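The block underneath contains the structure these notes are about, expressed in structure tokens.
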2 protein chains.
Amino acid sequence: MRLPSTTDVLAAAARLRGVVVRTPLVRNHALDAVAGAPVLLKLETMQRTGSFKFRGASNFIALLPDDVRPRGVVAFSSGNHAQGVAAAAADAGIPATIVMPADAPAVKRRRTEAHGAKVVPYDRSSDDREAIAREIAEEAGVALLPPYDHPDTIAGQGTVGIEICEQVASLGIAPTSVLVPAGGGGLLAGVALALEQCLPGATAHPVEPAGYDDHARSLAVGERVAITPGDTTSICDALLAPIPGEITFEVNRRLAGPGVAVTDDEVLAAIRFAIEELRLVVEPGGAVALAAVLAGKAPGDGPWCLVLSGANLDPQLLLRALA
Amino acid sequence: MRLPSTTDVLAAAARLRGVVVRTPLVRNHALDAVAGAPVLLKLETMQRTGSFKFRGASNFIALLPDDVRPRGVVAFSSGNHAQGVAAAAADAGIPATIVMPADAPAVKRRRTEAHGAKVVPYDRSSDDREAIAREIAEEAGVALLPPYDHPDTIAGQGTVGIEICEQVASLGIAPTSVLVPAGGGGLLAGVALALEQCLPGATAHPVEPAGYDDHARSLAVGERVAITPGDTTSICDALLAPIPGEITFEVNRRLAGPGVAVTDDEVLAAIRFAIEELRLVVEPGGAVALAAVLAGKAPGDGPWCLVLSGANLDPQLLLRALA
């Protein structure tokens, strides 16, 4: 198993300069007041396609062998990874195929196709999306682009952490905790690797939906623990991976701190706070770190840095948050 | 009549460092594609209280004589200026009184009072709010804080322009036009003064609601022209001043380019674009520059810089924009 290193993350940051958006790091007076200590917000919601997935996909594609890259990439996702891969492939001028549930929201399919990707629908109840993607990859000789459990994906996603390091220096505030939304754990691992090198006084912590806190449980016992999907539901559709990735967990076990779990009500309150006070649109999975701080669940006494990513908020949910 | 100078704006920028938020300047891939040239977005929606008004109020208060400042300030406004003054006064540790229509939305009154300001209601149909404010100012010996037509207010508001100059340098893109929402014209004048000194290749242009384009009409003929209120309506409640300020127009006549007017439908489309693509919450008056670019009405061929300010968006209007 090849693990990503801090050097890989730094190399990805250099490689992706000018390709990815250097997203803002901001403070908000109202949030500082509620939290009782400075809170730095990394607005990865302003990344291309609204999430950090674009970074991982761009780095993965850039590192493909020159004789493989032109054939394109395939990925399976109904959400942010689909759009991130589609946009990164379009930038690289290569084809992308996305295996997506047939019942995925029309807007997600449309946004993915808008980047020129081919969408292959599957039946959520009977098909194995990963098997379909692997079959396409093998038949066409194209690379399968993993959403998190690959060193090149993780290194690209970790460039969020490099930017945080550079930006906190100019703000003159050093966070002690960096709260990161965790699904498969790629962003967490990448950010943790960046912090180890350039902000060693800060620890990365996963934030997950209550009931889907497989990272928190796994970190607590030191080995990968799966949650039982179906025991509970969550509005955080981007963070429902049932078990940490193998590679991501090898990194996170060494570097990431205890995890935090937040409820749907806490996430809805965070979405509302983002709209009313931060003037930002954040989807549920992107609002979990903010939810943790607002609910008083953030580890330590601050200053905190929160990663907000992604921003594909269903209008119906927006209404629910504002109700 | 004392006119503000570029030196005043530069001094305000130095004075307000660490007091105001240095708001991000960002690009968005989807917007660049629609516009056909780079578009830089100055996110003044992320300023304290959601708008540039906080800058003008903070500078005005800082420049009050030391024997006058402790008595506090009074202002008349139902909107962003009310909250900007209230927050700036609270920061300075001085009392603030805001003369506000009795029928102002409860949320605006609550947000103003949340900063510790005293709200004095008046009857929109029978009372003269400016007269009430002047009376309070004279009786209590406190300063009346003008929303735009004062050199210290303008200089503070112009610090938006200084930041733009500094930030475009680091992005490596020089805009030829800076589009600025215009009500009384204070932000426009301040930004125009900043550009004159530090970005002479760029011209500031007012953007106004159709029917309330008094700046555009005044600039076209070289003298202050009033529109007739009541001829039309607009959802841009922050930009309904019927005539340019005397001081602001003296500056803008010399420095600002032709104006642009946008319709309610164009503004609603811009609010929707901001939510769906930029992931930002912007109120109608804050979205006019974006509306101008999206509608193909922006002067010249770009690159453009747009000032987005304020962000106090009524949830009902948000629903209307998304419908």
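Lettering and numbering for the structure tokens are positional, with chains as A, B, ... in the shown order, residues counted from 1 in each chain, and ligands counted from 1 in the shown order.
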
Can you tell me, as a ChimeraX atom specification, what residues are no more than 6 Å from A:Gly156 when counting only C-alpha atoms, ignoring any on the same chain fewer than 4 positions away? /A:12,55-56,59

Selected residues written out, C-alpha atoms, as an mmCIF file, in the first residue's frame:
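Once everything was written out, this is out.cif:
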data_model
loop_
_atom_site.group_PDB
_atom_site.id
_atom_site.type_symbol
_atom_site.label_atom_id
_atom_site.label_comp_id
_atom_site.auth_asym_id
_atom_site.auth_seq_id
_atom_site.Cartn_x
_atom_site.Cartn_y
_atom_site.Cartn_z
ATOM 1 C CA ALA A 12 0.455 18.785 -5.623
ATOM 2 C CA ARG A 55 -8.422 19.308 -6.338
ATOM 3 C CA GLY A 56 -8.054 15.563 -5.901
ATOM 4 C CA ASN A 59 -3.962 16.026 -9.211
#

Write out as a Markdown table a residue-level contact list of chain B versus chain A with cut-off 6 Å: for each qualifying residue the closest pair of atoms and the distance in Å to one decimal, counting only C-alpha atoms, rows sorted by chain and residue number upward.
| residue | atom | partner | partner_atom | distance |
| --- | --- | --- | --- | --- |
| B:Arg279 | CA | A:Val281 | CA | 4.7 |
| B:Leu280 | CA | A:Leu280 | CA | 4.7 |
| B:Val281 | CA | A:Arg279 | CA | 4.7 |

Name the residues of stretch 71-262 of chain B that fall into helix (DSSP H, G or I) according to DSSP on the backbone, using the chain letters and numbers of this document, as number ranges by chain. B: 71, 80-92, 106-114, 129-140, 151-157, 159-171, 186-198, 214-221, 237-239, 246-255

At a cut-off of 12 Å, using only C-alpha atoms, what residues contact A:Ala174? Leave out same-chain residues fewer than 4 positions from it and give the result as number ranges by chain. A: 37-40, 164-170, 178, 195, 198-203, 302-305

Which residues come within 10 Å of A:Thr159, counting only C-alpha atoms, excluding same-chain residues fewer than 3 positions away, as a tab-separated table (two decimals) with C-alpha atoms, in the first residue's frame?
chain	number	residue	atom	x	y	z
A	8	ASP	CA	3.32	14.62	-2.22
A	9	VAL	CA	0.92	17.25	-0.90
A	10	LEU	CA	3.46	20.05	-1.34
A	11	ALA	CA	4.19	18.84	-4.88
A	12	ALA	CA	0.45	18.78	-5.62
A	13	ALA	CA	0.13	22.37	-4.36
A	14	ALA	CA	2.87	23.49	-6.75
A	15	ARG	CA	1.35	21.45	-9.60
A	16	LEU	CA	-2.15	22.81	-9.11
A	17	ARG	CA	-1.21	26.48	-8.75
A	20	VAL	CA	-7.48	25.22	-8.68
A	22	ARG	CA	-6.99	29.53	-4.06
A	52	PHE	CA	-12.45	20.08	-2.72
A	55	ARG	CA	-8.42	19.31	-6.34
A	56	GLY	CA	-8.05	15.56	-5.90
A	59	ASN	CA	-3.96	16.03	-9.21
A	154	ILE	CA	-5.40	12.53	-1.15
A	155	ALA	CA	-2.38	14.67	-2.07
A	156	GLY	CA	-4.53	16.86	-4.30
A	162	ILE	CA	-1.24	23.95	2.34
A	163	GLU	CA	-3.31	27.03	1.55
A	164	ILE	CA	-4.59	27.16	5.13
A	165	CYS	CA	-0.99	27.15	6.37
A	187	LEU	CA	-9.60	15.53	2.73
A	190	GLY	CA	-4.47	15.38	3.05
A	191	VAL	CA	-5.02	18.28	5.44
A	193	LEU	CA	-0.31	15.74	6.16
A	194	ALA	CA	-0.12	19.44	5.31

For the strand (DSSP E or B) assignment from backbone DSSP, which residues of stretch 170-291 of chain A qualify? Please present them as a list of chain:residue names.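 Matching residues for strand (DSSP E or B) in stretch 170-291 of chain A are A:Ser177, A:Val178, A:Leu179, A:Val180, A:Pro181, A:Thr203, A:Ala204, A:His205, A:Pro206, A:Val207, A:Glu208, A:Pro209, A:Val260, A:Ala261, A:Val262, A:Leu280.
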
Since we have the selection now, will you write its residues out, keeping C-alpha atoms, as a CSV table (one decimal), in the first residue's frame?
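The resulting file, part.csv, is reproduced below:
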chain,number,residue,atom,x,y,z
A,177,SER,CA,-7.7,22.6,15.7
A,178,VAL,CA,-8.7,22.2,12.1
A,179,LEU,CA,-12.1,20.7,11.7
A,180,VAL,CA,-12.6,18.8,8.5
A,181,PRO,CA,-15.8,17.1,7.1
A,203,THR,CA,-4.5,18.9,14.8
A,204,ALA,CA,-7.0,17.9,12.2
A,205,HIS,CA,-10.3,16.5,13.5
A,206,PRO,CA,-12.9,14.7,11.4
A,207,VAL,CA,-16.5,16.0,11.7
A,208,GLU,CA,-19.2,13.5,10.7
A,209,PRO,CA,-23.0,13.1,10.8
A,260,VAL,CA,-16.9,15.0,16.4
A,261,ALA,CA,-20.5,13.9,15.4
A,262,VAL,CA,-23.3,16.4,14.7
A,280,LEU,CA,-22.7,31.8,2.3

Show which residues sit within 7 Å of stretch 242-248 of chain B, as an MDAnalysis selection string. Count only C-alpha atoms, and ignore same-chain residues fewer than 6 positions away. chainID B and resid 3 149:150 184:186 189 212 214:215 224:229

Dump of all heavy atoms for the selected residues, as an mmCIF file, in the first residue's frame:
data_model
loop_
_atom_site.group_PDB
_atom_site.id
_atom_site.type_symbol
_atom_site.label_atom_id
_atom_site.label_comp_id
_atom_site.auth_asym_id
_atom_site.auth_seq_id
_atom_site.Cartn_x
_atom_site.Cartn_y
_atom_site.Cartn_z
ATOM 1 N N LEU B 3 -14.116 68.584 -0.215
ATOM 2 C CA LEU B 3 -14.147 67.337 -0.982
ATOM 3 C C LEU B 3 -13.119 66.355 -0.431
ATOM 4 O O LEU B 3 -12.049 66.758 0.002
ATOM 5 C CB LEU B 3 -13.824 67.613 -2.455
ATOM 6 C CG LEU B 3 -14.834 68.440 -3.249
ATOM 7 C CD1 LEU B 3 -14.385 68.538 -4.707
ATOM 8 C CD2 LEU B 3 -16.224 67.822 -3.174
ATOM 9 N N ASP B 149 -23.005 61.586 2.025
ATOM 10 C CA ASP B 149 -22.538 62.890 1.548
ATOM 11 C C ASP B 149 -21.665 63.626 2.561
ATOM 12 O O ASP B 149 -21.964 64.751 2.996
ATOM 13 C CB ASP B 149 -23.732 63.743 1.119
ATOM 14 C CG ASP B 149 -23.405 64.571 -0.124
ATOM 15 O OD1 ASP B 149 -22.443 64.200 -0.826
ATOM 16 O OD2 ASP B 149 -24.095 65.568 -0.374
ATOM 17 N N HIS B 150 -20.564 63.005 2.917
ATOM 18 C CA HIS B 150 -19.597 63.617 3.836
ATOM 19 C C HIS B 150 -18.213 63.075 3.489
ATOM 20 O O HIS B 150 -18.062 61.884 3.230
ATOM 21 C CB HIS B 150 -19.956 63.266 5.289
ATOM 22 C CG HIS B 150 -19.152 64.024 6.290
ATOM 23 N ND1 HIS B 150 -17.845 63.727 6.569
ATOM 24 C CD2 HIS B 150 -19.465 65.099 7.067
ATOM 25 C CE1 HIS B 150 -17.382 64.568 7.482
ATOM 26 N NE2 HIS B 150 -18.345 65.415 7.806
ATOM 27 N N GLY B 184 -26.559 56.850 -3.028
ATOM 28 C CA GLY B 184 -26.169 58.253 -2.907
ATOM 29 C C GLY B 184 -24.842 58.545 -3.585
ATOM 30 O O GLY B 184 -24.487 59.699 -3.810
ATOM 31 N N GLY B 185 -24.077 57.489 -3.877
ATOM 32 C CA GLY B 185 -22.841 57.674 -4.627
ATOM 33 C C GLY B 185 -21.573 57.740 -3.796
ATOM 34 O O GLY B 185 -20.494 58.040 -4.328
ATOM 35 N N GLY B 186 -21.659 57.435 -2.499
ATOM 36 C CA GLY B 186 -20.481 57.511 -1.638
ATOM 37 C C GLY B 186 -19.460 56.431 -1.941
ATOM 38 O O GLY B 186 -18.258 56.699 -2.027
ATOM 39 N N ALA B 189 -17.805 57.253 -5.284
ATOM 40 C CA ALA B 189 -16.816 58.333 -5.192
ATOM 41 C C ALA B 189 -15.548 57.853 -4.510
ATOM 42 O O ALA B 189 -14.431 58.141 -4.961
ATOM 43 C CB ALA B 189 -17.417 59.523 -4.435
ATOM 44 N N TYR B 212 -34.264 54.400 -11.371
ATOM 45 C CA TYR B 212 -33.581 55.135 -10.289
ATOM 46 C C TYR B 212 -32.143 55.431 -10.699
ATOM 47 O O TYR B 212 -31.251 55.477 -9.862
ATOM 48 C CB TYR B 212 -33.624 54.331 -8.986
ATOM 49 C CG TYR B 212 -34.995 54.297 -8.372
ATOM 50 C CD1 TYR B 212 -35.926 53.340 -8.747
ATOM 51 C CD2 TYR B 212 -35.384 55.268 -7.446
ATOM 52 C CE1 TYR B 212 -37.198 53.328 -8.208
ATOM 53 C CE2 TYR B 212 -36.646 55.263 -6.896
ATOM 54 C CZ TYR B 212 -37.555 54.294 -7.286
ATOM 55 O OH TYR B 212 -38.816 54.296 -6.748
ATOM 56 N N ASP B 214 -30.357 57.942 -11.362
ATOM 57 C CA ASP B 214 -30.045 59.369 -11.270
ATOM 58 C C ASP B 214 -28.554 59.647 -11.487
ATOM 59 O O ASP B 214 -28.195 60.695 -12.018
ATOM 60 C CB ASP B 214 -30.520 59.944 -9.934
ATOM 61 C CG ASP B 214 -30.166 59.066 -8.759
ATOM 62 O OD1 ASP B 214 -30.694 57.937 -8.695
ATOM 63 O OD2 ASP B 214 -29.370 59.487 -7.903
ATOM 64 N N HIS B 215 -27.693 58.719 -11.091
ATOM 65 C CA HIS B 215 -26.261 58.943 -11.350
ATOM 66 C C HIS B 215 -25.969 58.881 -12.843
ATOM 67 O O HIS B 215 -25.246 59.734 -13.373
ATOM 68 C CB HIS B 215 -25.407 57.915 -10.603
ATOM 69 C CG HIS B 215 -25.374 58.134 -9.130
ATOM 70 N ND1 HIS B 215 -24.508 58.995 -8.520
ATOM 71 C CD2 HIS B 215 -26.157 57.637 -8.145
ATOM 72 C CE1 HIS B 215 -24.727 59.011 -7.216
ATOM 73 N NE2 HIS B 215 -25.723 58.189 -6.961
ATOM 74 N N ARG B 224 -26.309 67.452 -11.395
ATOM 75 C CA ARG B 224 -27.170 66.588 -10.607
ATOM 76 C C ARG B 224 -28.610 66.651 -11.101
ATOM 77 O O ARG B 224 -29.216 67.718 -11.161
ATOM 78 C CB ARG B 224 -27.136 66.984 -9.128
ATOM 79 C CG ARG B 224 -25.796 66.671 -8.477
ATOM 80 C CD ARG B 224 -25.670 67.398 -7.163
ATOM 81 N NE ARG B 224 -26.567 66.864 -6.153
ATOM 82 C CZ ARG B 224 -27.299 67.601 -5.338
ATOM 83 N NH1 ARG B 224 -27.280 68.913 -5.421
ATOM 84 N NH2 ARG B 224 -28.070 67.031 -4.447
ATOM 85 N N VAL B 225 -29.142 65.500 -11.482
ATOM 86 C CA VAL B 225 -30.505 65.383 -11.976
ATOM 87 C C VAL B 225 -31.264 64.448 -11.042
ATOM 88 O O VAL B 225 -30.773 63.368 -10.707
ATOM 89 C CB VAL B 225 -30.527 64.788 -13.406
ATOM 90 C CG1 VAL B 225 -31.949 64.596 -13.894
ATOM 91 C CG2 VAL B 225 -29.717 65.649 -14.359
ATOM 92 N N ALA B 226 -32.435 64.861 -10.616
ATOM 93 C CA ALA B 226 -33.246 64.003 -9.753
ATOM 94 C C ALA B 226 -34.193 63.162 -10.591
ATOM 95 O O ALA B 226 -34.720 63.629 -11.604
ATOM 96 C CB ALA B 226 -34.054 64.851 -8.769
ATOM 97 N N ILE B 227 -34.393 61.905 -10.187
ATOM 98 C CA ILE B 227 -35.469 61.140 -10.799
ATOM 99 C C ILE B 227 -36.736 61.436 -9.993
ATOM 100 O O ILE B 227 -36.685 61.994 -8.904
ATOM 101 C CB ILE B 227 -35.159 59.630 -10.823
ATOM 102 C CG1 ILE B 227 -34.887 59.107 -9.417
ATOM 103 C CG2 ILE B 227 -34.003 59.309 -11.724
ATOM 104 C CD1 ILE B 227 -36.024 58.493 -8.738
ATOM 105 N N THR B 228 -37.855 61.097 -10.549
ATOM 106 C CA THR B 228 -39.111 61.334 -9.853
ATOM 107 C C THR B 228 -39.522 60.061 -9.128
ATOM 108 O O THR B 228 -39.929 59.104 -9.770
ATOM 109 C CB THR B 228 -40.229 61.726 -10.850
ATOM 110 O OG1 THR B 228 -39.724 62.748 -11.694
ATOM 111 C CG2 THR B 228 -41.470 62.193 -10.125
ATOM 112 N N PRO B 229 -39.361 60.030 -7.803
ATOM 113 C CA PRO B 229 -39.731 58.802 -7.089
ATOM 114 C C PRO B 229 -41.210 58.526 -7.303
ATOM 115 O O PRO B 229 -42.013 59.460 -7.399
ATOM 116 C CB PRO B 229 -39.443 59.127 -5.626
ATOM 117 C CG PRO B 229 -38.641 60.384 -5.621
ATOM 118 C CD PRO B 229 -38.974 61.114 -6.880
#

Distance of atom CA of B:Val293 from atom CA of B:Lys42, expressed in Å to one decimal place: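 That distance, rounded to one decimal, is 14.1 Å.
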
Test item: residues at most 12 Å from stretch 114-118 of chain B, only C-alpha atoms, excluding those fewer than 6 positions along its chain, as a PyMOL selection string: (chain A and resi 29-30) or (chain B and resi 48-49+72-76+82-100+106-108+136)

Could you check which of A:Gly141, A:Gly183, A:Pro175, A:Pro151 is closest to A:Gly286, using only C-alpha atoms?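 With only C-alpha atoms as the atom set, the closest residue is A:Gly183.
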
Contacts of B:Pro65 at 12 Å (only C-alpha atoms; same-chain gap of 6+ positions) as an MDAnalysis selection string: chainID B and resid 71:72 142:143
